[in-house]
file coords-v5.txt (compact mmCIF, C-alpha atoms)
# COMPACT_ATOMS: atom_id res chain seq x y z
CA MET A 1 13.78 1.65 -11.36
CA THR A 2 16.97 3.21 -10.12
CA GLU A 3 19.15 1.76 -7.40
CA THR A 4 17.62 1.70 -3.93
CA PRO A 5 18.87 4.66 -1.89
CA ASP A 6 20.52 4.22 1.50
CA ARG A 7 18.22 6.86 2.94
CA LEU A 8 14.82 8.12 1.85
CA PRO A 9 14.71 11.57 0.26
CA GLU A 10 13.20 14.27 2.46
CA THR A 11 10.62 15.42 -0.14
CA ASP A 12 8.71 13.95 -3.10
CA ASP A 13 10.63 16.10 -5.58
CA GLN A 14 13.85 14.32 -4.52
CA LEU A 15 12.49 10.87 -5.52
CA ASP A 16 13.46 9.32 -8.83
CA PRO A 17 10.59 9.45 -11.37
CA ASP A 18 9.73 5.73 -11.15
CA THR A 19 9.55 5.72 -7.36
CA LEU A 20 7.42 8.86 -7.41
CA ALA A 21 5.06 7.30 -9.98
CA ILE A 22 4.70 4.16 -7.86
CA ARG A 23 4.16 6.20 -4.69
CA THR A 24 1.53 8.38 -6.41
CA ALA A 25 -0.37 5.36 -7.74
CA ASN A 26 -0.18 3.59 -4.37
CA ASP A 27 -1.38 6.71 -2.55
CA GLN A 28 -4.28 7.08 -4.99
CA LEU A 29 -5.39 3.49 -4.40
CA ARG A 30 -4.96 3.70 -0.64
CA THR A 31 -6.68 7.06 -0.14
CA SER A 32 -9.54 6.74 -2.65
CA PHE A 33 -9.83 2.98 -3.26
CA SER A 34 -9.65 3.75 -6.98
CA GLY A 35 -6.95 2.88 -9.48
CA GLY A 36 -6.81 -0.80 -8.56
CA ARG A 37 -8.53 -3.48 -6.55
CA VAL A 38 -9.22 -3.54 -2.82
CA MET A 39 -9.40 -6.86 -1.02
CA MET A 40 -10.18 -7.75 2.58
CA THR A 41 -9.29 -11.06 4.15
CA GLN A 42 -11.88 -13.26 5.85
CA GLY A 43 -10.66 -12.07 9.24
CA VAL A 44 -11.27 -8.42 8.40
CA ASN A 45 -14.60 -9.23 6.78
CA ALA A 46 -15.68 -11.04 9.95
CA LEU A 47 -15.23 -7.92 12.10
CA ALA A 48 -18.26 -5.93 13.20
CA ASP A 49 -19.55 -3.56 10.50
CA ALA A 50 -18.63 -0.51 12.60
CA THR A 51 -15.08 -1.84 13.01
CA ILE A 52 -14.75 -2.52 9.27
CA ALA A 53 -15.82 1.07 8.61
CA LYS A 54 -13.12 2.28 11.04
CA VAL A 55 -10.53 0.04 9.36
CA LEU A 56 -11.35 1.35 5.89
CA ARG A 57 -11.27 4.96 7.07
CA ALA A 58 -7.96 4.40 8.90
CA VAL A 59 -6.35 2.83 5.82
CA ARG A 60 -7.47 5.77 3.69
CA GLU A 61 -6.12 8.27 6.22
CA PHE A 62 -2.87 6.45 7.00
CA ASP A 63 0.19 8.64 6.44
CA ASP A 64 2.66 7.42 9.05
CA PHE A 65 5.30 6.33 6.53
CA SER A 66 8.89 6.19 7.73
CA GLU A 67 12.18 4.55 6.86
CA ASP A 68 11.16 1.64 9.10
CA ASN A 69 7.88 0.78 7.36
CA ASP A 70 8.56 2.31 3.93
CA PRO A 71 12.24 1.75 3.10
CA TYR A 72 11.76 2.24 -0.65
CA GLY A 73 9.51 5.30 -0.41
CA THR A 74 6.63 3.68 -2.31
CA HIS A 75 3.93 3.84 0.42
CA GLU A 76 2.95 0.18 -0.08
CA PHE A 77 2.60 -1.03 3.51
CA GLY A 78 1.10 0.11 6.78
CA MET A 79 0.13 -1.25 10.18
CA LEU A 80 -2.41 0.21 12.59
CA ASP A 81 -4.51 -0.70 15.61
CA ILE A 82 -8.29 -0.46 15.40
CA ASP A 83 -10.60 -1.48 18.26
CA GLY A 84 -7.99 -3.82 19.71
CA GLU A 85 -7.14 -5.42 16.37
CA ARG A 86 -3.76 -5.01 14.68
CA VAL A 87 -4.53 -4.39 11.00
CA MET A 88 -2.11 -4.31 8.08
CA PHE A 89 -2.42 -3.22 4.49
CA LYS A 90 -0.16 -4.10 1.58
CA ILE A 91 -0.23 -2.88 -2.01
CA ASP A 92 1.14 -5.20 -4.67
CA ALA A 93 1.70 -4.44 -8.35
CA TYR A 94 0.71 -7.26 -10.72
CA ASP A 95 0.81 -7.80 -14.45
CA GLN A 96 -2.41 -7.35 -16.45
CA ASN A 97 -3.36 -11.03 -15.94
CA LEU A 98 -2.85 -10.86 -12.17
CA GLU A 99 -0.46 -13.81 -12.48
CA TYR A 100 2.96 -12.27 -11.89
CA GLY A 101 4.54 -9.11 -10.62
CA SER A 102 4.22 -6.13 -12.92
CA PRO A 103 7.04 -5.79 -15.46
CA ASN A 104 7.10 -2.07 -14.57
CA PRO A 105 5.15 -1.00 -11.46
CA ALA A 106 5.62 2.66 -12.44
CA ASP A 107 3.66 2.13 -15.69
CA PRO A 108 -0.12 1.95 -15.15
CA SER A 109 -0.67 0.51 -18.65
CA VAL A 110 1.04 -2.76 -17.61
CA THR A 111 0.13 -2.79 -13.92
CA ILE A 112 -2.88 -3.70 -11.80
CA ARG A 113 -2.53 -2.67 -8.18
CA VAL A 114 -4.11 -4.74 -5.41
CA LEU A 115 -4.56 -3.34 -1.92
CA THR A 116 -5.02 -6.14 0.61
CA ILE A 117 -6.28 -5.35 4.10
CA LEU A 118 -5.65 -8.08 6.66
CA LEU A 119 -5.39 -8.77 10.35
CA ALA A 120 -1.81 -9.16 11.54
CA SER A 121 -2.85 -12.52 13.00
CA GLU A 122 -3.61 -13.72 9.45
CA TYR A 123 -0.13 -12.94 8.16

call {"tool": "encode", "arguments": {"input": "coords-v5.txt", "output": "structure tokens"}}
result
Amino acid sequence: MTETPDRLPETDDQLDPDTLAIRTANDQLRTSFSGGRVMMTQGVNALADATIAKVLRAVREFDDFSEDNDPYGTHEFGMLDIDGERVMFKIDAYDQNLEYGSPNPADPSVTIRVLTILLASEY
């Protein structure tokens, strides 16, 4: 991947190709829950069913990315409040064995993405 910019580009077409590929794959996983694995922590799983449904919907619809919560432009993290609970999500890119970080997060042939949804209190 190219050097990290001092400031995020204004539009997707200004991103370097690797960052755009990572962002696209992360957005696909977050918005459709396809293209990787989705995990919930015990704390999220213990919430009421209606609250879990709200959490999942909110993660899918999240688009409040900014320089503060998305400094690299890859759309891999978000934080939101649902029914009085602060919820976070994080997308990590692993190697094919899920042992180490991916050797190239922009390349889906060597990467498995994992979206983890957790309560902020579990962090």

call {"tool": "residues_around", "arguments": {"input": "coords-v5.txt", "residues": "His75 (chain A)", "least_positions_apart": "5", "cutoff": "8 Å", "atoms": "all atoms listed in the file", "output": "list in words"}}
result
Arg23, Asn26, Asp27, Phe65 and Asp70 of chain A

call {"tool": "closest_residue", "arguments": {"input": "coords-v5.txt", "among": "A:Thr111, A:Ser102, A:Ser66, A:Thr116", "to": "Phe89 (chain A)", "atoms": "only C-alpha atoms"}}
result
A:Thr116

call {"tool": "atom_distance", "arguments": {"input": "coords-v5.txt", "atom1": "CA of Ala93 (chain A)", "atom2": "CA of Ile112 (chain A)"}}
result
5.8 Å

call {"tool": "atom_distance", "arguments": {"input": "coords-v5.txt", "atom1": "CA of Leu56 (chain A)", "atom2": "CA of Ile22 (chain A)"}}
result
21.3 Å

call {"tool": "atom_distance", "arguments": {"input": "coords-v5.txt", "atom1": "CA of Glu122 (chain A)", "atom2": "CA of Arg37 (chain A)"}}
result
19.6 Å

call {"tool": "closest_residue", "arguments": {"input": "coords-v5.txt", "among": "A:Asp18, A:Tyr94, A:Arg30, A:Asp107", "to": "Phe77 (chain A)", "atoms": "only C-alpha atoms"}}
result
A:Arg30

call {"tool": "residues_near_point", "arguments": {"input": "coords-v5.txt", "point": "(2.0, -6.7, -4.8)", "cutoff": "7 Å", "atoms": "only C-alpha atoms", "output": "list of chain:residue names"}}
result
A:Ile91, A:Asp92, A:Ala93, A:Tyr94, A:Gly101, A:Arg113, A:Val114

call {"tool": "residues_around", "arguments": {"input": "coords-v5.txt", "residues": "Gly78 (chain A)", "least_positions_apart": "3", "cutoff": "7 Å", "atoms": "only C-alpha atoms", "output": "PDB file with C-alpha atoms, in the coordinates of the input"}}
result
ATOM      1  CA  ASN A  69       7.880   0.780   7.360  1.00  0.00           C
ATOM      2  CA  MET A  88      -2.110  -4.310   8.080  1.00  0.00           C
ATOM      3  CA  PHE A  89      -2.420  -3.220   4.490  1.00  0.00           C
ATOM      4  CA  LYS A  90      -0.160  -4.100   1.580  1.00  0.00           C
TER       5      LYS A  90
END

call {"tool": "residues_near_point", "arguments": {"input": "coords-v5.txt", "point": "(-11.3, -11.4, 10.0)", "cutoff": "12 Å", "atoms": "all atoms listed in the file", "output": "NGL selection string"}}
result
:A and (40-49 or 51-52 or 55 or 85-88 or 117-123)

call {"tool": "write_last_selection", "arguments": {"input": "coords-v5.txt", "atoms": "C-alpha atoms", "output": "CSV table (one decimal), in the frame of the given file"}}
result
chain,number,residue,atom,x,y,z
A,40,MET,CA,-10.2,-7.8,2.6
A,41,THR,CA,-9.3,-11.1,4.2
A,42,GLN,CA,-11.9,-13.3,5.8
A,43,GLY,CA,-10.7,-12.1,9.2
A,44,VAL,CA,-11.3,-8.4,8.4
A,45,ASN,CA,-14.6,-9.2,6.8
A,46,ALA,CA,-15.7,-11.0,10.0
A,47,LEU,CA,-15.2,-7.9,12.1
A,48,ALA,CA,-18.3,-5.9,13.2
A,49,ASP,CA,-19.6,-3.6,10.5
A,51,THR,CA,-15.1,-1.8,13.0
A,52,ILE,CA,-14.8,-2.5,9.3
A,55,VAL,CA,-10.5,0.0,9.4
A,85,GLU,CA,-7.1,-5.4,16.4
A,86,ARG,CA,-3.8,-5.0,14.7
A,87,VAL,CA,-4.5,-4.4,11.0
A,88,MET,CA,-2.1,-4.3,8.1
A,117,ILE,CA,-6.3,-5.4,4.1
A,118,LEU,CA,-5.6,-8.1,6.7
A,119,LEU,CA,-5.4,-8.8,10.4
A,120,ALA,CA,-1.8,-9.2,11.5
A,121,SER,CA,-2.8,-12.5,13.0
A,122,GLU,CA,-3.6,-13.7,9.4
A,123,TYR,CA,-0.1,-12.9,8.2

call {"tool": "build_atoms", "arguments": {"input": "coords-v5.txt", "residues": "region 13-25 of chain A", "atoms": "N, CA, C and O atoms", "output": "PDB file, keeping the file's coordinate frame"}}
result
ATOM      1  N   ASP A  13       9.891  15.642  -4.403  1.00  0.00           N
ATOM      2  CA  ASP A  13      10.630  16.100  -5.580  1.00  0.00           C
ATOM      3  C   ASP A  13      12.063  15.587  -5.615  1.00  0.00           C
ATOM      4  O   ASP A  13      12.758  15.739  -6.604  1.00  0.00           O
ATOM      5  N   GLN A  14      12.518  14.922  -4.544  1.00  0.00           N
ATOM      6  CA  GLN A  14      13.850  14.320  -4.520  1.00  0.00           C
ATOM      7  C   GLN A  14      13.814  12.840  -4.914  1.00  0.00           C
ATOM      8  O   GLN A  14      14.855  12.220  -5.023  1.00  0.00           O
ATOM      9  N   LEU A  15      12.613  12.275  -5.126  1.00  0.00           N
ATOM     10  CA  LEU A  15      12.490  10.870  -5.520  1.00  0.00           C
ATOM     11  C   LEU A  15      12.770  10.724  -7.009  1.00  0.00           C
ATOM     12  O   LEU A  15      12.462  11.624  -7.802  1.00  0.00           O
ATOM     13  N   ASP A  16      13.291   9.571  -7.398  1.00  0.00           N
ATOM     14  CA  ASP A  16      13.460   9.320  -8.830  1.00  0.00           C
ATOM     15  C   ASP A  16      12.064   9.191  -9.448  1.00  0.00           C
ATOM     16  O   ASP A  16      11.093   8.873  -8.753  1.00  0.00           O
ATOM     17  N   PRO A  17      11.919   9.424 -10.742  1.00  0.00           N
ATOM     18  CA  PRO A  17      10.590   9.450 -11.370  1.00  0.00           C
ATOM     19  C   PRO A  17       9.801   8.144 -11.213  1.00  0.00           C
ATOM     20  O   PRO A  17       8.580   8.188 -11.008  1.00  0.00           O
ATOM     21  N   ASP A  18      10.450   6.995 -11.290  1.00  0.00           N
ATOM     22  CA  ASP A  18       9.730   5.730 -11.150  1.00  0.00           C
ATOM     23  C   ASP A  18       9.189   5.559  -9.735  1.00  0.00           C
ATOM     24  O   ASP A  18       8.041   5.161  -9.539  1.00  0.00           O
ATOM     25  N   THR A  19      10.003   5.843  -8.743  1.00  0.00           N
ATOM     26  CA  THR A  19       9.550   5.720  -7.360  1.00  0.00           C
ATOM     27  C   THR A  19       8.410   6.686  -7.087  1.00  0.00           C
ATOM     28  O   THR A  19       7.429   6.327  -6.441  1.00  0.00           O
ATOM     29  N   LEU A  20       8.496   7.890  -7.594  1.00  0.00           N
ATOM     30  CA  LEU A  20       7.420   8.860  -7.410  1.00  0.00           C
ATOM     31  C   LEU A  20       6.141   8.397  -8.095  1.00  0.00           C
ATOM     32  O   LEU A  20       5.049   8.529  -7.529  1.00  0.00           O
ATOM     33  N   ALA A  21       6.244   7.805  -9.283  1.00  0.00           N
ATOM     34  CA  ALA A  21       5.060   7.300  -9.980  1.00  0.00           C
ATOM     35  C   ALA A  21       4.409   6.164  -9.203  1.00  0.00           C
ATOM     36  O   ALA A  21       3.180   6.099  -9.083  1.00  0.00           O
ATOM     37  N   ILE A  22       5.229   5.266  -8.657  1.00  0.00           N
ATOM     38  CA  ILE A  22       4.700   4.160  -7.860  1.00  0.00           C
ATOM     39  C   ILE A  22       4.045   4.695  -6.599  1.00  0.00           C
ATOM     40  O   ILE A  22       2.933   4.293  -6.239  1.00  0.00           O
ATOM     41  N   ARG A  23       4.708   5.613  -5.916  1.00  0.00           N
ATOM     42  CA  ARG A  23       4.160   6.200  -4.690  1.00  0.00           C
ATOM     43  C   ARG A  23       2.823   6.890  -4.982  1.00  0.00           C
ATOM     44  O   ARG A  23       1.855   6.725  -4.250  1.00  0.00           O
ATOM     45  N   THR A  24       2.758   7.651  -6.057  1.00  0.00           N
ATOM     46  CA  THR A  24       1.530   8.380  -6.410  1.00  0.00           C
ATOM     47  C   THR A  24       0.392   7.407  -6.689  1.00  0.00           C
ATOM     48  O   THR A  24      -0.730   7.601  -6.200  1.00  0.00           O
ATOM     49  N   ALA A  25       0.668   6.347  -7.444  1.00  0.00           N
ATOM     50  CA  ALA A  25      -0.370   5.360  -7.740  1.00  0.00           C
ATOM     51  C   ALA A  25      -0.802   4.616  -6.480  1.00  0.00           C
ATOM     52  O   ALA A  25      -2.000   4.362  -6.268  1.00  0.00           O
TER      53      ALA A  25
END
